[in-house]
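Okay, target-v9.txt now, which holds compact mmCIF, C-alpha atoms and all ligand atoms:
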# COMPACT_ATOMS: atom_id res chain seq x y z
CA MET S 1 134.99 117.46 93.03
CA GLN S 2 131.38 117.77 91.84
CA ARG S 3 128.77 115.96 93.91
CA ILE S 4 127.19 112.92 92.24
CA LYS S 5 123.40 112.87 92.31
CA ALA S 6 120.88 110.25 91.23
CA ASN S 7 119.02 111.15 88.07
CA ILE S 8 115.75 109.64 86.86
CA THR S 9 116.47 108.64 83.25
CA GLY S 10 113.32 106.65 82.49
CA VAL S 11 109.94 105.67 83.89
CA HIS S 12 107.41 102.99 83.05
CA GLY S 13 104.14 101.70 84.47
CA TRP S 14 101.73 98.82 84.07
CA VAL S 15 98.20 98.00 85.25
CA PRO S 16 96.17 94.82 84.73
CA ASP S 17 93.42 94.86 82.07
CA PHE S 18 90.48 94.01 84.33
CA VAL S 19 88.54 97.13 85.40
CA LEU S 20 86.44 97.00 88.58
CA THR S 21 84.00 99.91 88.39
CA ASN S 22 82.00 101.59 91.14
CA GLU S 23 78.86 100.30 89.44
CA GLU S 24 80.14 96.74 89.81
CA LEU S 25 80.97 97.38 93.50
CA GLU S 26 77.39 98.63 94.01
CA LYS S 27 76.27 95.07 93.22
CA MET S 28 78.79 93.54 95.66
CA VAL S 29 78.45 95.70 98.80
CA ASP S 30 76.14 98.36 100.24
CA THR S 31 77.69 101.37 98.50
CA THR S 32 76.99 103.87 95.75
CA ASN S 33 79.03 105.44 92.97
CA GLU S 34 78.06 108.80 94.46
CA TRP S 35 79.47 107.94 97.92
CA ILE S 36 82.73 106.60 96.49
CA MET S 37 83.21 109.56 94.14
CA THR S 38 82.40 112.18 96.79
CA ARG S 39 84.46 110.64 99.60
CA THR S 40 87.45 109.35 97.60
CA GLY S 41 87.40 110.53 93.97
CA ILE S 42 87.76 106.93 92.74
CA LYS S 43 85.70 105.79 89.74
CA GLU S 44 87.37 102.49 88.92
CA ARG S 45 90.41 100.39 89.78
CA ARG S 46 92.38 97.58 88.09
CA ILE S 47 92.52 94.03 89.44
CA LEU S 48 95.03 91.27 88.64
CA ARG S 49 92.63 88.35 88.39
CA GLU S 50 94.66 85.65 86.65
CA PRO S 51 95.22 82.73 89.05
CA GLY S 52 98.84 82.22 90.03
CA LYS S 53 99.87 85.79 89.19
CA GLY S 54 101.39 87.96 91.87
CA THR S 55 103.09 91.29 92.47
CA SER S 56 106.27 90.12 90.72
CA ASP S 57 104.26 89.74 87.50
CA ILE S 58 103.26 93.40 87.73
CA GLY S 59 106.86 94.34 88.56
CA ALA S 60 108.23 92.25 85.70
CA GLU S 61 105.91 93.91 83.14
CA VAL S 62 107.05 97.29 84.42
CA VAL S 63 110.77 96.46 84.37
CA LYS S 64 110.63 94.84 80.92
CA GLY S 65 109.04 98.02 79.55
CA LEU S 66 111.54 100.23 81.36
CA LEU S 67 114.56 98.29 80.02
CA GLU S 68 113.17 98.52 76.50
CA LYS S 69 112.37 102.23 76.70
CA THR S 70 115.75 103.16 78.14
CA ASN S 71 117.56 100.80 75.78
CA THR S 72 119.22 99.09 78.73
CA ASP S 73 120.88 95.68 78.64
CA PRO S 74 119.44 93.80 81.67
CA LYS S 75 122.98 92.65 82.50
CA ASP S 76 124.05 96.28 83.10
CA VAL S 77 121.59 96.79 85.99
CA GLU S 78 123.41 96.50 89.32
CA LEU S 79 120.61 96.81 91.86
CA LEU S 80 116.81 96.55 91.92
CA ILE S 81 114.76 97.69 94.92
CA CYS S 82 111.07 96.80 95.06
CA ALA S 83 108.67 98.64 97.35
CA THR S 84 105.67 96.48 98.18
CA VAL S 85 103.40 95.35 101.02
CA THR S 86 101.95 92.58 98.87
CA PRO S 87 105.02 90.44 98.18
CA ASP S 88 104.67 87.17 96.24
CA TYR S 89 105.84 85.34 99.38
CA ALA S 90 106.93 86.27 102.92
CA PHE S 91 110.34 85.35 101.53
CA PRO S 92 112.24 85.47 99.23
CA ALA S 93 111.96 89.11 98.26
CA THR S 94 109.70 89.98 95.33
CA ALA S 95 112.61 92.08 93.99
CA ASN S 96 114.58 88.84 93.48
CA ILE S 97 111.72 87.29 91.51
CA ILE S 98 111.31 90.40 89.34
CA SER S 99 115.07 90.37 88.66
CA ASP S 100 114.88 86.71 87.66
CA LYS S 101 111.88 87.26 85.38
CA THR S 102 113.58 90.17 83.60
CA GLY S 103 117.09 88.77 83.19
CA LEU S 104 118.90 91.06 85.66
CA SER S 105 121.55 88.40 86.16
CA ASN S 106 124.23 90.77 87.52
CA ALA S 107 122.02 92.64 89.97
CA TRP S 108 121.36 92.17 93.66
CA SER S 109 117.94 93.07 94.94
CA TYR S 110 115.73 93.48 97.96
CA ASP S 111 112.28 94.69 99.08
CA ILE S 112 111.27 97.71 101.11
CA ASN S 113 108.06 97.71 103.11
CA ALA S 114 106.84 101.21 103.88
CA ALA S 115 103.22 100.83 102.74
CA CYS S 116 102.00 103.80 100.69
CA SER S 117 105.32 105.63 101.19
CA GLY S 118 107.20 102.61 99.86
CA PHE S 119 108.15 104.12 96.52
CA ILE S 120 109.63 107.30 97.97
CA TYR S 121 111.47 105.35 100.70
CA ALA S 122 112.92 103.06 98.00
CA LEU S 123 113.76 105.97 95.70
CA ASP S 124 115.64 107.81 98.43
CA THR S 125 117.47 104.64 99.46
CA ALA S 126 118.42 103.87 95.85
CA SER S 127 119.67 107.42 95.30
CA LYS S 128 122.23 106.95 98.09
CA PHE S 129 123.77 103.99 96.26
CA ILE S 130 124.19 106.15 93.15
CA GLU S 131 125.60 109.06 95.20
CA THR S 132 128.46 106.86 96.45
CA GLY S 133 129.75 106.69 92.88
CA GLN S 134 129.79 102.89 92.98
CA TYR S 135 126.45 102.27 91.22
CA LYS S 136 125.60 103.37 87.68
CA LYS S 137 122.21 101.74 87.03
CA VAL S 138 119.63 101.12 89.74
CA ILE S 139 115.94 100.31 89.21
CA VAL S 140 113.29 101.29 91.76
CA VAL S 141 109.95 99.50 91.49
CA GLY S 142 106.68 100.22 93.34
CA ALA S 143 104.21 97.40 92.69
CA GLU S 144 101.20 95.97 94.49
CA LYS S 145 98.51 93.37 94.14
CA MET S 146 96.35 95.01 96.82
CA SER S 147 93.38 92.83 95.82
CA MET S 148 95.13 89.92 97.61
CA MET S 149 94.40 91.50 100.99
CA VAL S 150 91.11 93.27 100.33
CA ASP S 151 87.88 91.94 101.81
CA TYR S 152 85.32 92.37 99.02
CA THR S 153 82.51 92.22 101.58
CA ASP S 154 83.87 95.24 103.52
CA ARG S 155 82.60 98.44 101.90
CA ALA S 156 84.95 100.61 103.95
CA THR S 157 88.07 99.22 102.27
CA CYS S 158 87.13 97.38 99.08
CA VAL S 159 86.24 100.56 97.22
CA ILE S 160 89.66 102.10 97.78
CA PHE S 161 92.41 99.79 96.60
CA GLY S 162 93.62 98.63 93.19
CA ASP S 163 96.51 96.73 91.60
CA GLY S 164 99.37 98.11 89.50
CA GLY S 165 102.86 99.48 89.60
CA GLY S 166 105.64 101.51 88.08
CA ALA S 167 109.40 101.88 88.08
CA VAL S 168 112.16 104.36 87.41
CA MET S 169 115.76 103.98 86.24
CA LEU S 170 118.37 105.88 88.27
CA GLU S 171 121.75 106.85 86.88
CA PRO S 172 124.45 109.24 88.11
CA THR S 173 124.70 112.88 87.14
CA THR S 174 126.87 115.78 88.25
CA ASP S 175 124.67 118.52 86.83
CA GLU S 176 121.67 120.20 88.45
CA TYR S 177 119.15 117.44 87.66
CA GLY S 178 117.97 114.44 89.63
CA ILE S 179 116.99 113.82 93.22
CA ARG S 180 117.92 116.97 95.07
CA ASP S 181 116.35 116.61 98.52
CA SER S 182 114.22 114.33 100.65
CA ILE S 183 112.37 114.36 103.96
CA LEU S 184 111.24 110.97 105.25
CA ARG S 185 109.43 110.23 108.50
CA THR S 186 108.08 107.27 110.49
CA ASP S 187 105.74 107.09 113.49
CA GLY S 188 105.29 103.46 114.51
CA SER S 189 102.59 104.32 117.05
CA GLY S 190 100.27 104.77 114.06
CA ARG S 191 100.47 101.05 113.27
CA ILE S 192 97.19 100.32 115.08
CA HIS S 193 95.18 102.40 112.61
CA LEU S 194 96.22 100.70 109.38
CA TYR S 195 97.66 97.20 109.16
CA GLN S 196 97.22 93.53 108.43
CA LYS S 197 96.53 91.85 111.76
CA GLY S 198 97.30 88.23 110.92
CA GLY S 199 99.99 86.29 109.14
CA GLY S 200 103.07 87.80 110.78
CA SER S 201 105.14 86.59 113.75
CA VAL S 202 102.73 88.06 116.34
CA LYS S 203 99.74 86.19 114.91
CA PRO S 204 100.89 83.48 112.53
CA ALA S 205 98.34 82.26 110.00
CA SER S 206 95.92 79.74 111.48
CA PHE S 207 92.32 78.64 111.00
CA ARG S 208 91.41 81.26 113.61
CA THR S 209 93.14 84.20 111.88
CA VAL S 210 91.58 83.23 108.57
CA ALA S 211 88.10 82.84 110.11
CA ALA S 212 88.46 86.23 111.83
CA GLY S 213 89.38 87.92 108.54
CA GLU S 214 92.73 89.02 109.95
CA HIS S 215 94.58 88.65 106.66
CA PHE S 216 92.63 91.50 105.13
CA VAL S 217 93.73 95.12 105.28
CA TYR S 218 92.43 96.80 108.44
CA GLN S 219 91.97 100.56 108.28
CA GLU S 220 90.44 103.14 110.63
CA GLY S 221 89.75 105.51 107.77
CA GLN S 222 89.02 108.72 109.65
CA GLN S 223 92.08 108.39 111.93
CA VAL S 224 94.37 107.75 108.98
CA PHE S 225 92.76 110.60 107.06
CA LYS S 226 93.55 113.12 109.84
CA PHE S 227 97.23 112.14 110.04
CA ALA S 228 97.57 111.94 106.25
CA VAL S 229 96.15 115.41 105.56
CA THR S 230 98.41 117.10 108.11
CA ASN S 231 101.63 115.20 107.60
CA MET S 232 101.66 115.00 103.80
CA ALA S 233 101.06 118.73 103.54
CA ASP S 234 103.64 119.53 106.27
CA VAL S 235 106.52 117.73 104.54
CA SER S 236 105.54 119.06 101.12
CA VAL S 237 105.62 122.65 102.41
CA GLU S 238 108.83 122.00 104.36
CA ILE S 239 110.68 120.68 101.30
CA MET S 240 109.57 123.71 99.27
CA LYS S 241 110.78 126.10 101.97
CA ARG S 242 114.17 124.56 102.49
CA ASN S 243 114.80 124.58 98.73
CA ASN S 244 113.70 128.24 98.50
CA MET S 245 110.76 127.40 96.26
CA GLU S 246 107.57 129.45 96.05
CA SER S 247 104.42 127.82 94.69
CA ASP S 248 105.18 129.24 91.22
CA ASP S 249 108.51 127.41 91.20
CA VAL S 250 106.83 124.00 91.54
CA ASN S 251 105.89 122.57 88.14
CA TRP S 252 104.30 119.37 89.43
CA LEU S 253 103.12 117.81 92.66
CA VAL S 254 103.00 114.00 92.48
CA PRO S 255 100.97 112.96 95.50
CA HIS S 256 100.20 109.47 96.70
CA GLN S 257 96.69 108.69 95.43
CA ALA S 258 94.75 107.66 98.55
CA ASN S 259 91.93 110.17 98.57
CA MET S 260 91.11 113.17 96.36
CA ARG S 261 90.42 115.26 99.47
CA ILE S 262 93.92 114.57 100.86
CA ILE S 263 95.45 115.47 97.48
CA GLU S 264 93.48 118.72 97.29
CA ALA S 265 94.35 119.70 100.87
CA THR S 266 98.09 119.12 100.19
CA ALA S 267 98.00 121.20 97.00
CA LYS S 268 96.13 123.98 98.81
CA ARG S 269 98.67 124.15 101.64
CA MET S 270 101.46 124.33 99.02
CA GLY S 271 99.56 127.09 97.20
CA ILE S 272 99.59 125.26 93.88
CA ARG S 273 96.86 124.95 91.27
CA LYS S 274 95.05 121.68 90.62
CA ASP S 275 96.38 121.57 87.05
CA GLN S 276 99.90 121.30 88.49
CA VAL S 277 98.94 118.12 90.34
CA MET S 278 99.17 114.63 88.83
CA ILE S 279 95.90 112.87 89.63
CA ASN S 280 94.86 109.45 88.31
CA ILE S 281 93.06 108.17 91.43
CA GLN S 282 89.78 108.14 89.48
CA ARG S 283 91.13 105.36 87.22
CA TYR S 284 93.38 103.29 89.46
CA GLY S 285 92.34 103.95 93.09
CA ASN S 286 95.00 103.47 95.73
CA THR S 287 97.74 101.15 94.46
CA THR S 288 99.89 101.79 97.59
CA SER S 289 103.57 101.76 96.41
CA GLY S 290 102.39 101.97 92.81
CA THR S 291 100.68 105.36 92.79
CA ILE S 292 103.63 107.73 92.38
CA PRO S 293 105.49 105.90 89.59
CA LEU S 294 102.16 105.30 87.80
CA CYS S 295 101.59 109.07 87.81
CA LEU S 296 105.11 109.83 86.54
CA TRP S 297 104.62 107.27 83.77
CA GLU S 298 101.28 108.74 82.67
CA TRP S 299 102.57 112.32 82.73
CA GLU S 300 106.02 111.55 81.29
CA ASP S 301 105.23 113.03 77.86
CA GLN S 302 104.19 116.35 79.45
CA LEU S 303 107.35 116.71 81.53
CA LYS S 304 110.08 119.16 80.53
CA LYS S 305 113.78 119.23 81.25
CA GLY S 306 114.27 121.37 84.36
CA ASP S 307 110.76 120.85 85.81
CA ASN S 308 110.67 121.03 89.61
CA ILE S 309 108.69 118.04 90.85
CA ILE S 310 107.66 117.25 94.41
CA LEU S 311 106.72 113.66 95.27
CA SER S 312 104.69 113.24 98.49
CA ALA S 313 103.23 110.27 100.26
CA PHE S 314 101.60 109.11 103.48
CA GLY S 315 100.93 105.52 104.47
CA GLY S 316 100.54 102.76 107.00
CA GLY S 317 103.17 102.52 109.68
CA PHE S 318 102.78 105.48 109.81
CA THR S 319 105.25 106.48 107.11
CA TRP S 320 105.37 109.70 105.14
CA GLY S 321 107.70 111.98 103.27
CA SER S 322 108.53 114.19 100.34
CA ILE S 323 111.20 114.16 97.63
CA TYR S 324 112.29 117.04 95.39
CA VAL S 325 113.31 116.01 91.86
CA LYS S 326 114.57 118.21 89.04
CA TRP S 327 113.45 116.42 85.87
CA SER S 328 116.19 115.87 83.30
CA TYR S 329 114.54 115.22 79.93
CA ASP S 330 111.73 116.44 77.68
CA GLY S 331 108.79 114.09 77.25
CA GLN S 332 108.10 112.86 73.72
O1 LIG R 401 96.89 105.09 101.51
C1 LIG R 401 97.47 105.32 102.71
C2 LIG R 401 96.69 105.81 103.80
N1 LIG R 401 95.25 105.75 103.67
C3 LIG R 401 94.55 106.89 103.58
O2 LIG R 401 95.11 107.95 103.45
C4 LIG R 401 93.06 106.78 103.69
C5 LIG R 401 92.53 107.86 104.57
N2 LIG R 401 91.09 107.77 104.82
C6 LIG R 401 90.18 107.99 103.85
O3 LIG R 401 90.49 108.21 102.72
C7 LIG R 401 88.72 108.03 104.28
O4 LIG R 401 88.65 108.02 105.69
C8 LIG R 401 87.87 106.88 103.71
C9 LIG R 401 87.68 107.07 102.21
C10 LIG R 401 88.54 105.56 103.98
C11 LIG R 401 86.48 106.89 104.33
O5 LIG R 401 85.88 108.17 104.15
P1 LIG R 401 85.27 108.96 105.39
O6 LIG R 401 84.70 110.19 104.85
O7 LIG R 401 86.35 109.09 106.43
O8 LIG R 401 84.11 108.01 105.86
P2 LIG R 401 83.91 107.33 107.29
O9 LIG R 401 84.82 106.17 107.46
O10 LIG R 401 83.88 108.38 108.35
O11 LIG R 401 82.43 106.77 107.14
C12 LIG R 401 81.30 107.66 107.01
C13 LIG R 401 80.06 106.83 106.79
C14 LIG R 401 79.90 105.69 107.80
O12 LIG R 401 78.52 105.53 108.06
P3 LIG R 401 77.86 106.14 109.38
O13 LIG R 401 78.60 105.51 110.53
O14 LIG R 401 78.09 107.62 109.30
O15 LIG R 401 76.44 105.73 109.27
C15 LIG R 401 80.41 104.48 107.05
O16 LIG R 401 79.85 103.27 107.51
O17 LIG R 401 80.12 106.20 105.51
C16 LIG R 401 79.92 104.78 105.66
N3 LIG R 401 80.68 104.12 104.63
C17 LIG R 401 80.20 103.91 103.40
N4 LIG R 401 79.01 104.19 102.84
C18 LIG R 401 78.84 103.84 101.55
C19 LIG R 401 81.97 103.64 104.69
N5 LIG R 401 82.30 103.11 103.51
C20 LIG R 401 81.23 103.26 102.69
C21 LIG R 401 80.98 102.93 101.35
N6 LIG R 401 79.78 103.24 100.83
N7 LIG R 401 81.91 102.33 100.56
Written as structure tokens, how would this file's structure read?
Amino acid sequence: MQRIKANITGVHGWVPDFVLTNEELEKMVDTTNEWIMTRTGIKERRILREPGKGTSDIGAEVVKGLLEKTNTDPKDVELLICATVTPDYAFPATANIISDKTGLSNAWSYDINAACSGFIYALDTASKFIETGQYKKVIVVGAEKMSMMVDYTDRATCVIFGDGGGAVMLEPTTDEYGIRDSILRTDGSGRIHLYQKGGGSVKPASFRTVAAGEHFVYQEGQQVFKFAVTNMADVSVEIMKRNNMESDDVNWLVPHQANMRIIEATAKRMGIRKDQVMINIQRYGNTTSGTIPLCLWEWEDQLKKGDNIILSAFGGGFTWGSIYVKWSYDGQ
């Protein structure tokens, strides 16, 4: 019997209209466009400003577009997994709210929290459901409203993050396409370098946690940078090796968009040219779980059937990993 694999049969993305530029940030904190561009590669980011809107609104825009593009009846979707660290609420899951807003009345759904590796964790998890043969249509969403936990008086973090998200449709295939391999890793000892200190069970929200700014994202940038550079490159090279791929065999690297220098270091270790790397960090910044599907969405029309694509991410937790996908359709 031929092995069933999970195939990506559609991708869609969405970002809010409001653009927060480096020039605007120069007026808000002690920073410069030159510093931000040199150290991160980010020029602008999108912010979801409308009151009362949350991550599920980003996810719902993405899923609506995906259903339309893939000509899918919402009732045919069986499972939706949403990767996010900025859920609408502590519970219920944002995935449930996205499903409700998009009419997925026959699906079950849940969230995955793996910070910037969230999308690849969710994609790998979803692929296993398809591989069992029981599931025929699964949607994987990566969506974030990072602006909800950014301190816009802290220059070390407010220049980095943005809001947005994307999603893919997974369906079964028995040919050579789809998700062919994955390497995923966790190192929980890294949690002290990048996290949200307050609001969880260790430090429930109180006047004190709010006054101390403990609901904002806390990041020791240099520490995270060191781990990210090494680990993202290691897994990307490892997945190439164990699938007998040389650099010429890789058509596209889709890296998490945290820092241009991390992206360049990963590409260099893999021996691939910059024009083989999907990079949109300059326009969206770091949208955490949103970066990889946003890249796939923007590059979809350049993708060709049979392209070898490596997705790579590193994030808080620490979490990191790499997925090898053989693309199954020509972009329009
Ligand atoms: O997404 C998942 C995981 N996250 C990452 O992968 C992020 C990894 N880390 C990074 O990308 C970088 O560490 C940052 C972009 C966050 C920071 O860049 P850096 O080159 O590591 O800068 P730094 O934190 O070492 O700071 C260097 C200097 C400091 O000043 P002093 O102490 O040398 O006087 C900072 O105070 O730059 C200062 N600085 C700034 N200056 C102007 C920090 N932020 C800013 C700023 N504008 N926005």
Checklist line | Exercise answer, 7 Å around ligand LIG 401 (chain R) with all atoms listed in the file, as a ChimeraX atom specification | finding: /S:30-32,35-36,39-40,116,155-157,159-160,221-222,224-225,228,258-259,286,288,314-316
Note to self: Need to verify the contact set: Leu170 in chain S, 9 Å, all atoms listed in the file, exclusion of same-chain residues closer than 4 positions in sequence. Can you return it as JSON, numbers by chain?
What the structure shows: {"S": [6, 7, 8, 9, 10, 123, 126, 127, 130, 136, 137, 138, 139, 140, 178]}
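Of the listed residues S:Ser147, S:Ser117, S:Thr174, S:Asn96, the one whose atoms come nearest to Arg49 in chain S is S:Ser147, with distances taken using all atoms listed in the file.
A straight line drawn from CA of Ile292 in chain S to CA of Met28 in chain S is 28.8 Å long.
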Checklist line | Å distance separating CA of Asp187 in chain S from CA of Ile112 in chain S, one decimal place | finding: 16.5 Å
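Taking only C-alpha atoms into account, Lys128 in chain S lies nearest to S:Ile4 out of the set S:Ala233, S:Val63, S:Val11, S:Ile4.
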Item checked: Interatomic distance (Å, one decimal) between CA of Gly198 in chain S and CA of His215 in chain S -> 5.1 Å
